[in-house]
>>> print(open('work18.txt').read())   # compact mmCIF, C-alpha atoms
# COMPACT_ATOMS: atom_id res chain seq x y z
CA MET J 149 -50.61 4.79 73.56
CA GLU J 150 -50.30 6.25 77.05
CA GLU J 151 -53.93 7.39 76.87
CA LEU J 152 -55.17 3.80 76.75
CA GLY J 153 -54.01 3.22 80.30
CA LYS J 154 -56.13 5.99 81.82
CA GLY J 155 -58.97 5.09 84.15
CA GLU J 156 -59.98 1.56 85.13
CA GLU J 157 -58.20 -1.27 83.34
CA PHE J 158 -59.02 -4.95 82.96
CA THR J 159 -57.72 -8.13 81.33
CA ILE J 160 -59.07 -9.64 78.13
CA ASP J 161 -61.16 -12.12 80.14
CA GLU J 162 -62.71 -9.27 82.13
CA LEU J 163 -63.33 -7.28 78.94
CA ALA J 164 -65.08 -10.26 77.35
CA HIS J 165 -67.27 -10.66 80.44
CA ARG J 166 -68.20 -6.95 80.43
CA ALA J 167 -69.03 -7.01 76.73
CA GLY J 168 -70.94 -10.30 76.85
CA THR J 169 -68.67 -11.92 74.29
CA THR J 170 -65.68 -14.30 74.15
CA THR J 171 -61.93 -13.76 74.19
CA ARG J 172 -61.79 -15.51 70.81
CA THR J 173 -64.08 -12.84 69.34
CA LEU J 174 -61.98 -10.07 70.87
CA ARG J 175 -58.80 -11.49 69.34
CA LEU J 176 -60.57 -11.71 65.97
CA TYR J 177 -61.50 -8.04 66.22
CA GLN J 178 -57.88 -7.16 67.00
CA THR J 179 -56.64 -9.20 64.04
CA LYS J 180 -59.04 -7.38 61.70
CA GLY J 181 -58.05 -3.97 63.07
CA LEU J 182 -61.41 -3.32 64.74
CA LEU J 183 -60.10 -3.21 68.30
CA PRO J 184 -56.98 -1.27 69.35
CA SER J 185 -54.16 -3.12 71.04
CA PRO J 186 -54.15 -3.19 74.84
CA ARG J 187 -51.55 -1.61 77.08
CA ILE J 188 -48.93 -4.29 77.66
CA VAL J 189 -47.32 -4.75 81.06
CA GLY J 190 -44.94 -7.70 81.04
CA ARG J 191 -46.92 -10.41 79.29
CA VAL J 192 -50.37 -9.13 80.28
CA GLY J 193 -52.55 -6.85 78.15
CA TYR J 194 -54.74 -4.28 79.90
CA TYR J 195 -57.89 -2.87 78.33
CA SER J 196 -59.86 0.27 79.19
CA ASP J 197 -63.29 1.86 78.79
CA MET J 198 -62.19 2.95 75.32
CA HIS J 199 -62.18 -0.72 74.28
CA THR J 200 -65.63 -1.20 75.84
CA ASN J 201 -66.96 1.77 73.85
CA ARG J 202 -65.43 0.41 70.64
CA LEU J 203 -67.11 -2.96 71.21
CA ARG J 204 -70.48 -1.29 71.72
CA MET J 205 -70.01 0.61 68.49
CA ILE J 206 -69.07 -2.55 66.59
CA GLU J 207 -72.22 -4.22 67.89
CA ARG J 208 -74.42 -1.30 66.81
CA LEU J 209 -72.87 -1.15 63.34
CA GLN J 210 -73.35 -4.91 62.92
CA LYS J 211 -77.02 -4.51 63.80
CA ARG J 212 -77.26 -1.91 61.04
CA GLY J 213 -75.96 -4.48 58.54
CA PHE J 214 -72.22 -3.63 58.38
CA SER J 215 -69.81 -6.52 57.84
CA LEU J 216 -66.62 -6.72 59.90
CA ALA J 217 -64.62 -5.66 56.84
CA GLY J 218 -66.98 -2.71 56.32
CA ILE J 219 -66.66 -1.68 59.96
CA ALA J 220 -62.86 -1.88 59.75
CA GLU J 221 -62.89 0.36 56.66
CA LEU J 222 -65.25 2.76 58.41
CA PHE J 223 -62.89 3.00 61.38
CA ARG J 224 -59.94 3.55 59.05
CA ILE J 225 -61.69 6.44 57.29
CA TRP J 226 -62.90 7.78 60.60
CA GLN J 227 -59.46 7.96 62.18
CA GLU J 228 -57.77 9.78 59.30
CA GLY J 229 -56.67 13.18 60.46
CA LYS J 230 -58.09 12.82 63.97
CA SER J 231 -56.22 12.83 67.25
CA LEU J 232 -56.77 10.04 69.77
CA ASP J 233 -58.69 12.43 72.07
CA GLU J 234 -61.06 13.36 69.21
CA LEU J 235 -61.58 9.70 68.32
CA LEU J 236 -62.29 8.69 71.91
CA GLY J 237 -64.68 11.61 72.32
CA ILE J 238 -66.68 10.75 69.19
CA GLU J 239 -66.86 7.06 70.12
CA ALA J 240 -67.91 7.83 73.69
CA ALA J 241 -70.66 10.19 72.51
CA ILE J 242 -72.14 7.69 70.04
CA VAL J 243 -72.18 4.67 72.37
CA ALA J 244 -72.93 6.48 75.65
CA ARG J 245 -75.69 4.85 77.64
CA TRP J 246 -78.91 6.69 78.43
CA SER J 247 -78.70 5.64 82.06
CA ASP J 248 -75.81 7.08 84.05
CA GLU J 249 -76.33 4.80 87.07
CA ASP J 250 -73.72 2.29 88.19
CA PRO J 251 -74.77 -0.88 90.06
CA GLN J 252 -74.01 -0.94 93.78
CA PHE J 253 -72.66 -4.07 95.47
CA PHE J 254 -73.85 -5.26 98.89
CA THR J 255 -72.66 -8.26 100.81
CA THR J 256 -75.54 -10.51 101.87
CA GLU J 257 -75.34 -9.16 105.41
CA GLU J 258 -75.31 -5.53 104.25
CA PHE J 259 -78.22 -6.22 101.92
CA ARG J 260 -80.22 -7.88 104.69
CA LYS J 261 -79.75 -4.88 106.99
CA THR J 262 -81.04 -2.47 104.35
CA PHE J 263 -83.49 -4.57 102.33
CA GLY J 264 -84.34 -7.40 104.73
CA PRO J 265 -87.71 -8.48 103.22
CA LEU J 266 -86.09 -9.11 99.82
CA VAL J 267 -83.70 -11.58 101.46
CA ASP J 268 -86.24 -13.28 103.72
CA ASP J 269 -89.11 -13.59 101.23
CA PRO J 270 -88.11 -15.70 98.17
CA THR J 271 -91.19 -14.58 96.21
CA LEU J 272 -90.47 -10.87 96.65
CA ARG J 273 -86.77 -11.44 95.94
CA GLU J 274 -87.58 -13.27 92.70
CA ARG J 275 -89.89 -10.43 91.64
CA ALA J 276 -87.15 -7.86 92.29
CA ILE J 277 -84.69 -9.94 90.24
CA ASN J 278 -87.15 -10.32 87.34
CA LEU J 279 -87.73 -6.55 87.38
CA ARG J 280 -83.94 -6.08 87.09
CA LEU J 281 -83.99 -4.14 90.32
CA ILE J 282 -81.39 -6.42 91.90
CA ALA J 283 -79.16 -9.30 90.86
CA GLN J 284 -77.95 -12.06 93.16
CA VAL J 285 -74.26 -12.84 92.79
CA GLU J 286 -72.04 -15.39 94.45
CA ASP J 287 -70.98 -13.26 97.42
CA GLY J 288 -73.92 -10.87 97.75
CA PHE J 289 -76.29 -8.71 95.75
CA LEU J 290 -76.02 -6.04 93.08
CA VAL J 291 -78.53 -3.21 93.24
CA LEU J 292 -78.85 -2.44 89.54
CA SER J 293 -80.68 0.88 90.02
CA PRO J 294 -79.74 2.52 93.34
CA GLN J 295 -82.09 5.45 92.62
CA LEU J 296 -85.13 3.21 92.14
CA MET J 297 -84.16 1.12 95.14
CA ASP J 298 -83.76 4.18 97.38
CA PHE J 299 -87.12 5.58 96.26
CA GLY J 300 -88.88 2.26 96.76
CA THR J 301 -87.33 1.88 100.22
CA GLU J 302 -88.60 5.33 101.15
CA LEU J 303 -92.11 4.47 99.90
CA VAL J 304 -92.17 1.31 102.00
CA ARG J 305 -90.81 3.18 105.02
CA ARG J 306 -93.70 5.64 104.71
CA GLY J 307 -96.32 2.92 104.66
CA ALA J 308 -96.61 1.53 101.11
CA PRO J 309 -96.70 -2.30 101.04
CA LEU J 310 -93.58 -3.74 99.40
CA GLY J 311 -95.64 -5.89 97.03
CA LEU J 312 -97.59 -2.84 95.88
CA ALA J 313 -94.36 -0.87 95.36
CA LEU J 314 -93.08 -3.68 93.11
CA ASP J 315 -96.40 -3.65 91.23
CA GLU J 316 -95.96 0.06 90.52
CA LEU J 317 -92.36 -0.44 89.42
CA GLU J 318 -93.48 -3.13 86.96
CA LEU J 319 -96.14 -0.81 85.52
CA LEU J 320 -93.62 2.03 85.33
CA GLN J 321 -91.16 -0.13 83.40
CA GLU J 322 -93.87 -1.17 80.95
CA ASP J 323 -94.84 2.48 80.36
CA ALA J 324 -91.18 3.46 79.95
CA ARG J 325 -90.55 0.69 77.41
CA ARG J 326 -93.52 1.82 75.32
CA ILE J 327 -92.19 5.39 75.31
CA ALA J 328 -88.65 4.22 74.47
CA LYS J 329 -89.88 2.03 71.59
CA ARG J 330 -91.81 4.93 70.04
CA PHE J 331 -88.82 7.29 70.24
CA ALA J 332 -86.42 4.64 68.92
CA HIS J 333 -88.76 3.86 66.00
CA LEU J 334 -89.09 7.56 65.16
CA PHE J 335 -85.32 8.13 65.28
CA ARG J 336 -84.32 4.92 63.48
CA ASN J 337 -86.82 5.27 60.63
CA HIS J 338 -86.93 9.02 60.04
CA VAL J 339 -83.98 10.86 61.63
CA LEU J 340 -81.06 8.44 61.32
CA PRO J 341 -81.34 7.79 57.53
CA GLN J 342 -80.98 11.52 56.88
CA MET J 343 -78.13 11.89 59.33
CA VAL J 344 -75.81 9.16 58.04
CA ALA J 345 -75.92 10.12 54.36
CA GLY J 346 -72.70 11.13 52.63
CA ASP J 347 -69.07 10.93 53.76
CA PRO J 348 -68.57 8.86 56.96
CA LYS J 349 -65.95 11.37 58.15
CA GLU J 350 -68.74 13.93 58.26
CA TRP J 351 -71.76 11.93 59.36
CA LEU J 352 -69.99 10.20 62.24
CA ILE J 353 -69.28 13.62 63.73
CA ARG J 354 -72.90 14.65 63.11
CA LEU J 355 -74.08 11.45 64.75
CA ALA J 356 -71.91 12.03 67.81
CA ASP J 357 -73.03 15.66 68.11
CA ASN J 358 -76.67 14.67 67.75
CA ALA J 359 -76.30 11.95 70.40
CA LYS J 360 -74.88 14.44 72.89
CA ARG J 361 -77.76 16.86 72.33
CA PHE J 362 -80.57 14.36 71.73
CA ARG J 363 -80.22 12.27 74.91
CA PRO J 364 -80.55 15.10 77.45
CA ALA J 365 -83.29 16.72 75.35
CA VAL J 366 -85.41 13.55 75.33
CA ARG J 367 -84.80 12.95 79.05
CA ALA J 368 -85.92 16.53 79.76
CA LEU J 369 -88.96 16.11 77.50
CA VAL J 370 -90.13 12.95 79.25
CA SER J 371 -89.46 14.43 82.69
CA ASN J 372 -91.30 17.65 81.85
CA THR J 373 -94.28 15.80 80.36
CA PHE J 374 -94.55 13.61 83.44
CA ALA J 375 -94.27 16.66 85.72
CA ARG J 376 -97.13 18.36 83.88
CA ALA J 377 -99.24 15.22 84.13
CA MET J 378 -98.56 15.08 87.88
CA ASP J 379 -99.58 18.73 88.22
CA GLU J 380 -102.86 17.98 86.46
CA GLU J 381 -103.45 14.93 88.66
CA VAL J 382 -102.70 16.78 91.90
CA ASP J 383 -104.75 19.81 90.83
CA GLY J 384 -107.68 17.50 90.06
CA TYR J 385 -107.36 15.90 93.49
CA ARG J 386 -107.28 19.32 95.14
CA ARG J 387 -110.33 20.49 93.21
CA GLU J 388 -112.24 17.35 94.21
CA ALA J 389 -111.19 17.74 97.86
CA ALA J 390 -112.28 21.40 97.81
CA ARG J 391 -115.63 20.46 96.24
CA VAL J 392 -116.30 17.82 98.89
CA GLN J 393 -115.38 20.22 101.67
CA LEU J 394 -117.64 22.94 100.24
CA GLU J 395 -120.58 20.55 99.94
CA ALA J 396 -120.09 19.47 103.54
CA GLU J 397 -120.07 23.07 104.74
CA LEU J 398 -123.19 23.93 102.71
CA ALA J 399 -124.98 20.88 104.08
CA GLU J 400 -124.08 21.92 107.61
CA GLU J 401 -125.32 25.45 106.92
CA ASP J 402 -128.66 24.17 105.58
CA ALA J 403 -129.29 21.71 108.42
CA PRO J 404 -132.31 22.63 110.72
CA GLU J 405 -131.63 23.57 114.31
CA SER J 406 -131.54 20.42 116.39
CA GLY J 407 -132.89 21.89 119.64
CA LEU J 408 -136.57 23.01 120.03
CA ASP J 409 -136.42 24.00 123.73
CA THR J 410 -135.72 27.66 124.52
CA GLU J 411 -134.47 29.29 127.65
CA PRO J 412 -136.83 32.10 128.92
CA GLU J 413 -135.44 35.38 130.21
CA ASP J 414 -136.77 34.81 133.81
CA GLY J 415 -134.77 31.60 134.11
CA GLY J 416 -137.91 29.38 134.15
CA SER J 417 -138.67 26.69 131.68
CA ALA J 418 -140.76 27.14 128.59
CA SER J 419 -141.83 24.79 125.85
CA ILE J 420 -143.10 25.33 122.37
CA LYS J 421 -146.32 23.49 121.72
CA ALA J 422 -147.59 22.75 118.32
CA GLY J 423 -151.03 24.08 117.32
>>> encode(input="work18.txt", output="structure tokens")
Amino acid sequence: MEELGKGEEFTIDELAHRAGTTTRTLRLYQTKGLLPSPRIVGRVGYYSDMHTNRLRMIERLQKRGFSLAGIAELFRIWQEGKSLDELLGIEAAIVARWSDEDPQFFTTEEFRKTFGPLVDDPTLRERAINLRLIAQVEDGFLVLSPQLMDFGTELVRRGAPLGLALDELELLQEDARRIAKRFAHLFRNHVLPQMVAGDPKEWLIRLADNAKRFRPAVRALVSNTFARAMDEEVDGYRREAARVQLEAELAEEDAPESGLDTEPEDGGSASIKAG
């Protein structure tokens, strides 16, 4: 059980808060053999990320229609003949999040120094909260996506209005959700049913292996497709700019000479008369 103490540890109350559940539910899971025992120090139990992963997996299996008894039996079959390291690795692969960002905490004063307008303007702050860009907590702010926040800050610093930057973020999130829903529907309805057929001891390993390969592949696919679209957009802009420049130069070339007076060789004046 030494392995369970590795990394960050937290109490049962903290685990319940992280998992969005109750301590009563966690104790029920332990009673039914769904959740491993914590590391005990004195009279306090300490939980780890392994317990968080297990809770995520329980939630996903429940959404697929498994009862608690069925999940417990699945875990029992799963653990037969596997070391703790293998079990933790399979669980972590299956429940790993697509986003690898961790929220960043700022005190109110720190947040004001870096993102002043979001503190001073309640309307903009509310928009950022609704977009899940930030969260206001008792003693400060959580930046939920530091990468998005840094990019948006750079856009504003270079002249983009903050309101317009939030508009673009909202549109981006809507586009991303549509893409995610299509991929999830495709996987859930066509790939997953084939993958989980047969012996759980085999398909759980297949599922973990697929998750490790599928996530980076889809991220790369979306990134590459967007990069190609940006290339097409920029190339189109360049072609249009080149066309406008060429038309301007041709128009200048075709324009008649503006001056009708000529300078004679003897230095006197001469004029061209019509007729």
>>> residues_around(input="work18.txt", residues="Val285 (chain J)", least_positions_apart="2", cutoff="10 Å", atoms="all atoms listed in the file", output="list in words")
Phe253, Phe254, Thr255, Thr256, Ile282, Ala283, Asp287, Gly288, Phe289 and Leu290 of chain J
>>> closest_atom_pairs(input="work18.txt", of="region 196-217 of chain J", to="region 161-164 of chain J", cutoff="12 Å", atoms="all atoms listed in the file", output="JSON lines")
{"residue": "J:Ser196", "atom": "CA", "partner": "J:Leu163", "partner_atom": "CA", "distance": 8.3}
{"residue": "J:Asp197", "atom": "CA", "partner": "J:Leu163", "partner_atom": "CA", "distance": 9.1}
{"residue": "J:Met198", "atom": "CA", "partner": "J:Leu163", "partner_atom": "CA", "distance": 10.9}
{"residue": "J:His199", "atom": "CA", "partner": "J:Leu163", "partner_atom": "CA", "distance": 8.1}
{"residue": "J:Thr200", "atom": "CA", "partner": "J:Leu163", "partner_atom": "CA", "distance": 7.2}
{"residue": "J:Asn201", "atom": "CA", "partner": "J:Leu163", "partner_atom": "CA", "distance": 11.0}
{"residue": "J:Arg202", "atom": "CA", "partner": "J:Leu163", "partner_atom": "CA", "distance": 11.5}
{"residue": "J:Leu203", "atom": "CA", "partner": "J:Leu163", "partner_atom": "CA", "distance": 9.6}
{"residue": "J:Arg204", "atom": "CA", "partner": "J:Leu163", "partner_atom": "CA", "distance": 11.8}
>>> write_last_selection(input="work18.txt", atoms="C-alpha atoms", output="PDB file, keeping the file's coordinate frame")
ATOM      1  CA  SER J 196     -59.860   0.270  79.190  1.00  0.00           C
ATOM      2  CA  ASP J 197     -63.290   1.860  78.790  1.00  0.00           C
ATOM      3  CA  MET J 198     -62.190   2.950  75.320  1.00  0.00           C
ATOM      4  CA  HIS J 199     -62.180  -0.720  74.280  1.00  0.00           C
ATOM      5  CA  THR J 200     -65.630  -1.200  75.840  1.00  0.00           C
ATOM      6  CA  ASN J 201     -66.960   1.770  73.850  1.00  0.00           C
ATOM      7  CA  ARG J 202     -65.430   0.410  70.640  1.00  0.00           C
ATOM      8  CA  LEU J 203     -67.110  -2.960  71.210  1.00  0.00           C
ATOM      9  CA  ARG J 204     -70.480  -1.290  71.720  1.00  0.00           C
TER      10      ARG J 204
END
>>> residues_near_point(input="work18.txt", point="(-78.5, 0.5, 87.4)", cutoff="6 Å", atoms="all atoms listed in the file", output="ChimeraX atom specification")
/J:249-251,292-293
>>> residues_around(input="work18.txt", residues="region 337-340 of chain J", least_positions_apart="5", cutoff="12 Å", atoms="all atoms listed in the file", output="number ranges by chain")
J: 212, 329-332, 345, 351-352, 354-356, 358-359, 362
>>> closest_residue(input="work18.txt", among="J:Glu395, J:Gln210, J:Leu216, J:Asp357", to="Leu176 (chain J)", atoms="only C-alpha atoms")
J:Leu216
>>> build_atoms(input="work18.txt", residues="region 308-328 of chain J", atoms="N, CA and C atoms", output="PDB file, in the coordinates of the input")
ATOM      1  N   ALA J 308     -96.158   2.277 102.285  1.00  0.00           N
ATOM      2  CA  ALA J 308     -96.610   1.530 101.110  1.00  0.00           C
ATOM      3  C   ALA J 308     -96.180   0.069 101.229  1.00  0.00           C
ATOM      4  N   PRO J 309     -97.085  -0.885 101.000  1.00  0.00           N
ATOM      5  CA  PRO J 309     -96.700  -2.300 101.040  1.00  0.00           C
ATOM      6  C   PRO J 309     -95.634  -2.595  99.979  1.00  0.00           C
ATOM      7  N   LEU J 310     -94.672  -3.431 100.325  1.00  0.00           N
ATOM      8  CA  LEU J 310     -93.580  -3.740  99.400  1.00  0.00           C
ATOM      9  C   LEU J 310     -94.101  -4.368  98.111  1.00  0.00           C
ATOM     10  N   GLY J 311     -95.075  -5.270  98.226  1.00  0.00           N
ATOM     11  CA  GLY J 311     -95.640  -5.890  97.030  1.00  0.00           C
ATOM     12  C   GLY J 311     -96.262  -4.874  96.102  1.00  0.00           C
ATOM     13  N   LEU J 312     -96.966  -3.891  96.686  1.00  0.00           N
ATOM     14  CA  LEU J 312     -97.590  -2.840  95.880  1.00  0.00           C
ATOM     15  C   LEU J 312     -96.539  -1.961  95.218  1.00  0.00           C
ATOM     16  N   ALA J 313     -95.443  -1.660  95.940  1.00  0.00           N
ATOM     17  CA  ALA J 313     -94.360  -0.870  95.360  1.00  0.00           C
ATOM     18  C   ALA J 313     -93.752  -1.586  94.159  1.00  0.00           C
ATOM     19  N   LEU J 314     -93.597  -2.922  94.243  1.00  0.00           N
ATOM     20  CA  LEU J 314     -93.080  -3.680  93.110  1.00  0.00           C
ATOM     21  C   LEU J 314     -94.076  -3.698  91.952  1.00  0.00           C
ATOM     22  N   ASP J 315     -95.375  -3.738  92.278  1.00  0.00           N
ATOM     23  CA  ASP J 315     -96.400  -3.650  91.230  1.00  0.00           C
ATOM     24  C   ASP J 315     -96.250  -2.347  90.444  1.00  0.00           C
ATOM     25  N   GLU J 316     -96.078  -1.241  91.171  1.00  0.00           N
ATOM     26  CA  GLU J 316     -95.960   0.060  90.520  1.00  0.00           C
ATOM     27  C   GLU J 316     -94.688   0.152  89.683  1.00  0.00           C
ATOM     28  N   LEU J 317     -93.606  -0.449  90.184  1.00  0.00           N
ATOM     29  CA  LEU J 317     -92.360  -0.440  89.420  1.00  0.00           C
ATOM     30  C   LEU J 317     -92.538  -1.215  88.116  1.00  0.00           C
ATOM     31  N   GLU J 318     -93.238  -2.338  88.170  1.00  0.00           N
ATOM     32  CA  GLU J 318     -93.480  -3.130  86.960  1.00  0.00           C
ATOM     33  C   GLU J 318     -94.291  -2.332  85.943  1.00  0.00           C
ATOM     34  N   LEU J 319     -95.337  -1.635  86.410  1.00  0.00           N
ATOM     35  CA  LEU J 319     -96.140  -0.810  85.520  1.00  0.00           C
ATOM     36  C   LEU J 319     -95.319   0.338  84.947  1.00  0.00           C
ATOM     37  N   LEU J 320     -94.477   0.937  85.788  1.00  0.00           N
ATOM     38  CA  LEU J 320     -93.620   2.030  85.330  1.00  0.00           C
ATOM     39  C   LEU J 320     -92.670   1.566  84.241  1.00  0.00           C
ATOM     40  N   GLN J 321     -92.077   0.394  84.411  1.00  0.00           N
ATOM     41  CA  GLN J 321     -91.160  -0.130  83.400  1.00  0.00           C
ATOM     42  C   GLN J 321     -91.884  -0.401  82.087  1.00  0.00           C
ATOM     43  N   GLU J 322     -93.101  -0.920  82.172  1.00  0.00           N
ATOM     44  CA  GLU J 322     -93.870  -1.170  80.950  1.00  0.00           C
ATOM     45  C   GLU J 322     -94.177   0.143  80.229  1.00  0.00           C
ATOM     46  N   ASP J 323     -94.577   1.174  80.977  1.00  0.00           N
ATOM     47  CA  ASP J 323     -94.840   2.480  80.360  1.00  0.00           C
ATOM     48  C   ASP J 323     -93.564   3.048  79.731  1.00  0.00           C
ATOM     49  N   ALA J 324     -92.439   2.918  80.449  1.00  0.00           N
ATOM     50  CA  ALA J 324     -91.180   3.460  79.950  1.00  0.00           C
ATOM     51  C   ALA J 324     -90.734   2.748  78.680  1.00  0.00           C
ATOM     52  N   ARG J 325     -90.930   1.434  78.615  1.00  0.00           N
ATOM     53  CA  ARG J 325     -90.550   0.690  77.410  1.00  0.00           C
ATOM     54  C   ARG J 325     -91.379   1.128  76.209  1.00  0.00           C
ATOM     55  N   ARG J 326     -92.674   1.363  76.424  1.00  0.00           N
ATOM     56  CA  ARG J 326     -93.520   1.820  75.320  1.00  0.00           C
ATOM     57  C   ARG J 326     -93.038   3.170  74.800  1.00  0.00           C
ATOM     58  N   ILE J 327     -92.694   4.080  75.717  1.00  0.00           N
ATOM     59  CA  ILE J 327     -92.190   5.390  75.310  1.00  0.00           C
ATOM     60  C   ILE J 327     -90.866   5.238  74.557  1.00  0.00           C
ATOM     61  N   ALA J 328     -89.963   4.401  75.092  1.00  0.00           N
ATOM     62  CA  ALA J 328     -88.650   4.220  74.470  1.00  0.00           C
ATOM     63  C   ALA J 328     -88.790   3.621  73.072  1.00  0.00           C
TER      64      ALA J 328
END
